[in-house]
>>> print(open('target-v1.tsv').read())   # TSV, C-alpha atoms
chain	number	residue	atom	x	y	z
Q	1	MET	CA	-35.62	9.43	-11.92
Q	2	ILE	CA	-32.45	7.61	-10.88
Q	3	PRO	CA	-32.88	5.50	-7.73
Q	4	LEU	CA	-30.87	6.47	-4.68
Q	5	GLU	CA	-29.10	3.09	-4.72
Q	6	ILE	CA	-27.68	3.72	-8.19
Q	7	LYS	CA	-26.60	7.23	-7.21
Q	8	GLY	CA	-24.92	5.82	-4.11
Q	9	ALA	CA	-23.18	3.08	-6.09
Q	10	VAL	CA	-21.89	5.57	-8.66
Q	11	ALA	CA	-20.71	7.94	-5.91
Q	12	GLY	CA	-18.98	5.05	-4.15
Q	13	ALA	CA	-17.27	3.80	-7.28
Q	14	LEU	CA	-16.12	7.28	-8.31
Q	15	SER	CA	-14.77	8.19	-4.87
Q	16	SER	CA	-13.01	4.83	-4.64
Q	17	VAL	CA	-11.31	5.26	-8.02
Q	18	LEU	CA	-10.39	8.86	-7.21
Q	19	ILE	CA	-8.92	8.01	-3.79
Q	20	LEU	CA	-6.99	5.04	-5.17
Q	21	ALA	CA	-5.60	7.17	-8.00
Q	22	VAL	CA	-4.55	9.94	-5.61
Q	23	THR	CA	-2.99	7.45	-3.16
Q	24	LEU	CA	-1.03	5.55	-5.80
Q	25	THR	CA	0.14	8.75	-7.51
Q	26	ALA	CA	1.25	10.26	-4.20
Q	27	GLY	CA	3.02	7.00	-3.33
Q	28	GLY	CA	4.84	7.10	-6.67
Q	29	PHE	CA	5.95	10.69	-6.11
Q	30	TYR	CA	7.11	9.84	-2.60
Q	31	ARG	CA	9.12	6.89	-3.90
Q	32	THR	CA	10.79	9.05	-6.55
Q	33	HIS	CA	11.60	11.64	-3.89
Q	34	VAL	CA	13.09	9.03	-1.51
Q	35	GLU	CA	15.15	7.43	-4.32
Q	36	GLY	CA	16.47	10.87	-5.31
Q	37	GLU	CA	17.59	11.52	-1.75
Q	38	THR	CA	19.25	8.10	-1.53
Q	39	GLU	CA	21.15	8.63	-4.80
Q	40	ALA	CA	22.32	12.05	-3.61
Q	41	GLY	CA	23.60	10.44	-0.41
Q	42	LYS	CA	25.49	7.77	-2.36
Q	43	ALA	CA	27.31	10.22	-4.68
Q	44	LEU	CA	30.92	10.84	-3.64
Q	45	PRO	CA	31.97	14.32	-2.61
Q	46	ALA	CA	34.53	16.05	-4.89
Q	47	THR	CA	37.51	15.30	-2.64
Q	48	GLU	CA	36.64	11.61	-2.28
Q	49	ASN	CA	36.06	11.44	-6.02
Q	50	ALA	CA	39.53	12.84	-6.68
Q	51	THR	CA	41.04	10.26	-4.33
Q	52	ALA	CA	39.17	7.47	-6.09
Q	53	ARG	CA	40.42	8.67	-9.50
Q	54	GLY	CA	43.96	8.82	-8.16
Q	55	ARG	CA	43.74	5.25	-6.87
Q	56	SER	CA	42.34	4.08	-10.16
Q	57	PHE	CA	45.17	5.75	-12.06
Q	58	PHE	CA	47.76	4.23	-9.72
Q	59	SER	CA	46.36	0.71	-10.11
Q	60	LYS	CA	46.37	1.10	-13.91
Q	61	LEU	CA	49.97	2.27	-13.77
Q	62	CYS	CA	50.99	-0.72	-11.66
Q	63	ALA	CA	49.22	-3.12	-14.02
Q	64	LEU	CA	51.38	-2.09	-17.01
Q	65	PRO	CA	53.59	-4.77	-18.60
Q	66	ARG	CA	57.28	-4.58	-17.50
Q	67	SER	CA	58.50	-4.02	-21.05
Q	68	GLY	CA	56.41	-0.88	-21.34
Q	69	ARG	CA	57.78	0.83	-18.26
Q	70	GLY	CA	60.21	3.71	-18.53
Q	71	ARG	CA	60.00	3.93	-22.29
Q	72	GLY	CA	57.10	6.28	-22.50
Q	73	ARG	CA	54.84	3.57	-23.90
Q	74	GLY	CA	51.80	1.88	-22.50
Q	75	ARG	CA	50.86	4.70	-20.19
Q	76	PRO	CA	47.15	5.14	-19.49
Q	77	GLN	CA	45.65	7.20	-22.26
Q	78	SER	CA	42.62	8.33	-20.33
Q	79	SER	CA	42.10	11.87	-19.21
Q	80	GLU	CA	42.99	10.73	-15.71
Q	81	ALA	CA	46.64	10.49	-16.78
Q	82	THR	CA	46.79	14.22	-17.25
Q	83	ASN	CA	45.42	14.99	-13.79
C	1	MET	CA	11.99	10.15	13.09
C	2	ILE	CA	8.40	8.88	12.92
C	3	PRO	CA	8.02	5.17	13.86
C	4	TRP	CA	5.96	4.21	10.81
C	5	ASP	CA	6.30	0.49	11.53
C	6	LYS	CA	4.62	0.91	14.91
C	7	ILE	CA	1.96	3.27	13.52
C	8	HIS	CA	1.18	0.85	10.68
C	9	GLY	CA	1.05	-2.07	13.12
C	10	ALA	CA	-1.40	-0.18	15.31
C	11	THR	CA	-3.68	1.35	12.67
C	12	THR	CA	-3.91	-1.65	10.36
C	13	HIS	CA	-5.90	-3.70	12.87
C	14	PHE	CA	-8.85	-1.29	12.90
C	15	PRO	CA	-10.00	-1.80	9.29
C	16	ILE	CA	-9.40	-5.56	9.51
C	17	ALA	CA	-11.38	-6.06	12.71
C	18	LEU	CA	-14.12	-3.53	11.99
C	19	LEU	CA	-14.79	-4.69	8.44
C	20	LEU	CA	-15.04	-8.34	9.49
C	21	PHE	CA	-17.30	-7.31	12.38
C	22	SER	CA	-19.45	-5.14	10.11
C	23	THR	CA	-19.87	-7.95	7.58
C	24	THR	CA	-20.79	-10.39	10.34
C	25	CYS	CA	-23.39	-7.95	11.73
C	26	ASP	CA	-24.88	-7.49	8.27
C	27	LEU	CA	-25.08	-11.22	7.63
C	28	VAL	CA	-26.67	-11.88	11.02
C	29	SER	CA	-29.17	-9.05	10.54
C	30	VAL	CA	-30.20	-10.44	7.15
C	31	THR	CA	-30.43	-13.99	8.44
C	32	PHE	CA	-32.50	-13.03	11.49
C	33	ARG	CA	-34.29	-10.06	9.96
C	34	LYS	CA	-37.52	-10.70	11.88
C	35	LEU	CA	-35.82	-10.07	15.20
C	36	THR	CA	-35.81	-6.57	16.65
C	37	LEU	CA	-32.07	-6.94	17.07
C	38	ALA	CA	-31.64	-7.04	13.28
C	39	GLN	CA	-32.27	-3.32	12.83
C	40	GLU	CA	-29.76	-2.49	15.55
C	41	LEU	CA	-27.19	-4.78	13.97
C	42	ARG	CA	-27.61	-2.91	10.69
C	43	LEU	CA	-26.85	0.33	12.53
C	44	VAL	CA	-23.81	-1.21	14.20
C	45	SER	CA	-22.54	-2.53	10.87
C	46	PHE	CA	-22.97	0.93	9.32
C	47	TYR	CA	-20.81	2.60	11.98
C	48	GLY	CA	-18.34	-0.29	11.88
C	49	LEU	CA	-17.91	0.15	8.14
C	50	ALA	CA	-17.61	3.95	8.42
C	51	VAL	CA	-14.87	3.72	11.07
C	52	ALA	CA	-13.13	0.93	9.12
C	53	ALA	CA	-13.05	3.16	6.03
C	54	LEU	CA	-11.64	6.10	8.01
C	55	ALA	CA	-9.04	3.91	9.74
C	56	SER	CA	-7.99	2.37	6.41
C	57	PHE	CA	-6.60	5.78	5.39
C	58	GLY	CA	-4.27	5.75	8.38
C	59	ALA	CA	-3.20	2.18	7.62
C	60	VAL	CA	-2.54	2.95	3.95
C	61	ILE	CA	-0.65	6.20	4.57
C	62	SER	CA	1.55	4.64	7.27
C	63	GLY	CA	2.13	1.61	5.01
C	64	ILE	CA	3.28	3.79	2.12
C	65	ALA	CA	5.60	5.72	4.43
C	66	LEU	CA	6.93	2.47	5.91
C	67	THR	CA	7.77	0.99	2.50
C	68	LYS	CA	9.17	4.31	1.23
C	69	GLY	CA	6.57	4.43	-1.52
C	70	ASP	CA	6.97	0.88	-2.81
C	71	LEU	CA	3.40	0.09	-3.88
C	72	TRP	CA	3.84	-3.48	-5.13
C	73	GLY	CA	6.99	-5.51	-4.31
C	74	ARG	CA	7.71	-9.24	-4.41
C	75	GLY	CA	6.97	-12.33	-2.35
C	76	TYR	CA	4.82	-11.80	0.74
C	77	PHE	CA	5.18	-8.07	0.23
C	78	GLY	CA	3.73	-8.33	-3.28
C	79	TRP	CA	0.90	-10.59	-2.12
C	80	HIS	CA	0.10	-8.17	0.70
C	81	HIS	CA	-0.28	-5.39	-1.85
C	82	ARG	CA	-2.26	-7.51	-4.30
C	83	PHE	CA	-4.98	-7.81	-1.66
C	84	VAL	CA	-4.60	-4.43	0.04
C	85	TRP	CA	-5.36	-2.20	-2.95
C	86	PRO	CA	-8.64	-3.87	-4.00
C	87	ALA	CA	-9.67	-4.10	-0.34
C	88	PHE	CA	-9.00	-0.40	0.20
C	89	GLY	CA	-10.95	0.53	-2.93
C	90	LEU	CA	-13.87	-1.69	-1.97
C	91	ILE	CA	-14.03	-0.41	1.62
C	92	VAL	CA	-14.15	3.20	0.45
C	93	ALA	CA	-16.75	2.44	-2.24
C	94	LEU	CA	-18.97	0.46	0.13
C	95	ALA	CA	-18.73	3.08	2.88
C	96	VAL	CA	-19.75	5.87	0.49
C	97	TRP	CA	-22.56	3.73	-0.94
C	98	ARG	CA	-23.87	2.91	2.52
C	99	LEU	CA	-23.55	6.53	3.61
C	100	VAL	CA	-25.70	7.67	0.68
C	101	VAL	CA	-28.29	4.90	0.81
C	102	ARG	CA	-28.45	4.19	4.56
C	103	ASN	CA	-31.20	1.63	5.20
C	104	THR	CA	-33.31	2.20	2.11
C	105	MET	CA	-31.72	-0.57	0.03
C	106	SER	CA	-33.87	-2.81	-2.09
C	107	ARG	CA	-33.51	-6.56	-1.68
C	108	SER	CA	-31.37	-7.04	-4.78
C	109	SER	CA	-29.07	-4.12	-3.82
C	110	LEU	CA	-28.72	-5.54	-0.35
C	111	TRP	CA	-27.51	-8.87	-1.74
C	112	VAL	CA	-25.00	-7.11	-4.03
C	113	TYR	CA	-23.83	-5.06	-1.06
C	114	LEU	CA	-23.45	-8.16	1.12
C	115	LEU	CA	-21.55	-9.99	-1.60
C	116	LEU	CA	-19.14	-7.07	-1.98
C	117	MET	CA	-18.75	-6.88	1.81
C	118	VAL	CA	-17.80	-10.57	1.93
C	119	ILE	CA	-15.30	-10.06	-0.92
C	120	ALA	CA	-13.81	-6.99	0.80
C	121	SER	CA	-13.54	-8.93	4.06
C	122	ALA	CA	-11.76	-11.78	2.29
C	123	PHE	CA	-9.32	-9.32	0.69
C	124	VAL	CA	-8.65	-7.58	4.00
C	125	ALA	CA	-8.15	-10.90	5.79
C	126	ALA	CA	-5.74	-12.09	3.08
C	127	ALA	CA	-3.84	-8.79	3.16
C	128	GLY	CA	-3.58	-9.09	6.96
C	129	TYR	CA	-2.38	-12.69	6.65
C	130	PHE	CA	0.39	-11.81	4.18
C	131	GLY	CA	1.28	-8.73	6.23
C	132	GLY	CA	1.73	-11.00	9.24
C	133	GLU	CA	3.79	-13.48	7.23
C	134	LEU	CA	5.93	-10.59	6.00
C	135	LEU	CA	6.52	-9.49	9.57
C	136	LEU	CA	7.30	-13.01	10.81
C	137	SER	CA	9.69	-13.65	7.93
C	138	GLY	CA	11.81	-10.74	9.07
C	139	GLY	CA	10.34	-7.83	7.16
C	140	ASN	CA	12.11	-7.73	3.80
C	141	VAL	CA	10.59	-4.28	3.32
C	142	PRO	CA	12.74	-1.72	1.53
>>> encode(input="target-v1.tsv", output="structure tokens")
Amino acid sequence: MIPLEIKGAVAGALSSVLILAVTLTAGGFYRTHVEGETEAGKALPATENATARGRSFFSKLCALPRSGRGRGRGRPQSSEATN
Amino acid sequence: MIPWDKIHGATTHFPIALLLFSTTCDLVSVTFRKLTLAQELRLVSFYGLAVAALASFGAVISGIALTKGDLWGRGYFGWHHRFVWPAFGLIVALAVWRLVVRNTMSRSSLWVYLLLMVIASAFVAAAGYFGGELLLSGGNVP
């Protein structure tokens, strides 16, 4: 027959491990959820994104060497140039 | 918006105070076991530990919500967590053990129990210390 003390110790250890596992897992899920919400908040809306791409294209255009201007050379080759 | 910082600040003191009190009661009852007061101190320590274990859930849940799920961290924050998790596990384990066994512990089990209570108290005290340092240093919580 197993003494009550051993049963109690086993029950204590098992419940402790179980509660810690549940707590840490739930905390991990919560962190992932919060980070997902933060990333979604940081992403630019479509209109702001278009503005940002336009600015980027303009700055690239201004950074071209003088010799390349007006001759159809040295233009940005990215897809942004077609927009 | 739930004020998790205030809830954590309020709930976290219950497990710290009650666990230290429970350990002290246990140690006094063992030291002065011939006194009639010893048996009453054992009862007080049992309820102290039970309430400390229940309150530790509130402290842990509010802490997780406060840190947005960051379970480890760096600096004072990391040290706070290094002591909090073993303390939480030990408090739960000891409370369940005591709940099952009550006052029918053998002498050797009682010494193991007391040793674990002292270790849990040290962990809780250290976690409280680093939590306080974290607060005084301006938070630095995500």
>>> atom_distance(input="target-v1.tsv", atom1="atom CA of C:Arg74", atom2="atom CA of Q:Gly28")
16.7 Å
>>> closest_residue(input="target-v1.tsv", among="Q:Ala21, Q:Tyr30, Q:Ile2, Q:Gly36", to="chain C", atoms="all atoms listed in the file")
Q:Tyr30
>>> interface_residues(input="target-v1.tsv", of="chain Q", to="chain C", cutoff="10 Å", atoms="all atoms listed in the file", output="VMD selection string")
chain Q and resid 3 to 21 23 to 35
>>> write_last_selection(input="target-v1.tsv", atoms="C-alpha atoms", output="PDB file, in the coordinates of the input")
ATOM      1  CA  PRO Q   3     -32.880   5.500  -7.730  1.00  0.00           C
ATOM      2  CA  LEU Q   4     -30.870   6.470  -4.680  1.00  0.00           C
ATOM      3  CA  GLU Q   5     -29.100   3.090  -4.720  1.00  0.00           C
ATOM      4  CA  ILE Q   6     -27.680   3.720  -8.190  1.00  0.00           C
ATOM      5  CA  LYS Q   7     -26.600   7.230  -7.210  1.00  0.00           C
ATOM      6  CA  GLY Q   8     -24.920   5.820  -4.110  1.00  0.00           C
ATOM      7  CA  ALA Q   9     -23.180   3.080  -6.090  1.00  0.00           C
ATOM      8  CA  VAL Q  10     -21.890   5.570  -8.660  1.00  0.00           C
ATOM      9  CA  ALA Q  11     -20.710   7.940  -5.910  1.00  0.00           C
ATOM     10  CA  GLY Q  12     -18.980   5.050  -4.150  1.00  0.00           C
ATOM     11  CA  ALA Q  13     -17.270   3.800  -7.280  1.00  0.00           C
ATOM     12  CA  LEU Q  14     -16.120   7.280  -8.310  1.00  0.00           C
ATOM     13  CA  SER Q  15     -14.770   8.190  -4.870  1.00  0.00           C
ATOM     14  CA  SER Q  16     -13.010   4.830  -4.640  1.00  0.00           C
ATOM     15  CA  VAL Q  17     -11.310   5.260  -8.020  1.00  0.00           C
ATOM     16  CA  LEU Q  18     -10.390   8.860  -7.210  1.00  0.00           C
ATOM     17  CA  ILE Q  19      -8.920   8.010  -3.790  1.00  0.00           C
ATOM     18  CA  LEU Q  20      -6.990   5.040  -5.170  1.00  0.00           C
ATOM     19  CA  ALA Q  21      -5.600   7.170  -8.000  1.00  0.00           C
ATOM     20  CA  THR Q  23      -2.990   7.450  -3.160  1.00  0.00           C
ATOM     21  CA  LEU Q  24      -1.030   5.550  -5.800  1.00  0.00           C
ATOM     22  CA  THR Q  25       0.140   8.750  -7.510  1.00  0.00           C
ATOM     23  CA  ALA Q  26       1.250  10.260  -4.200  1.00  0.00           C
ATOM     24  CA  GLY Q  27       3.020   7.000  -3.330  1.00  0.00           C
ATOM     25  CA  GLY Q  28       4.840   7.100  -6.670  1.00  0.00           C
ATOM     26  CA  PHE Q  29       5.950  10.690  -6.110  1.00  0.00           C
ATOM     27  CA  TYR Q  30       7.110   9.840  -2.600  1.00  0.00           C
ATOM     28  CA  ARG Q  31       9.120   6.890  -3.900  1.00  0.00           C
ATOM     29  CA  THR Q  32      10.790   9.050  -6.550  1.00  0.00           C
ATOM     30  CA  HIS Q  33      11.600  11.640  -3.890  1.00  0.00           C
ATOM     31  CA  VAL Q  34      13.090   9.030  -1.510  1.00  0.00           C
ATOM     32  CA  GLU Q  35      15.150   7.430  -4.320  1.00  0.00           C
TER      33      GLU Q  35
END
>>> atom_distance(input="target-v1.tsv", atom1="atom CA of C:Val118", atom2="atom CA of C:Leu35")
22.4 Å
>>> atom_distance(input="target-v1.tsv", atom1="atom CA of C:His80", atom2="atom CA of C:Val28")
28.9 Å
>>> residues_near_point(input="target-v1.tsv", point="(-7.2, 0.1, 7.9)", cutoff="8 Å", atoms="all atoms listed in the file", output="list in words")
Thr11, Thr12, His13, Phe14, Pro15, Ile16, Ala52, Ala53, Leu54, Ala55, Ser56, Phe57, Gly58, Ala59, Val60 and Phe88 of chain C
>>> residues_around(input="target-v1.tsv", residues="C:Ser45", least_positions_apart="4", cutoff="10 Å", atoms="all atoms listed in the file", output="MDAnalysis selection string")
chainID C and resid 18:27 29 39:41 49:51
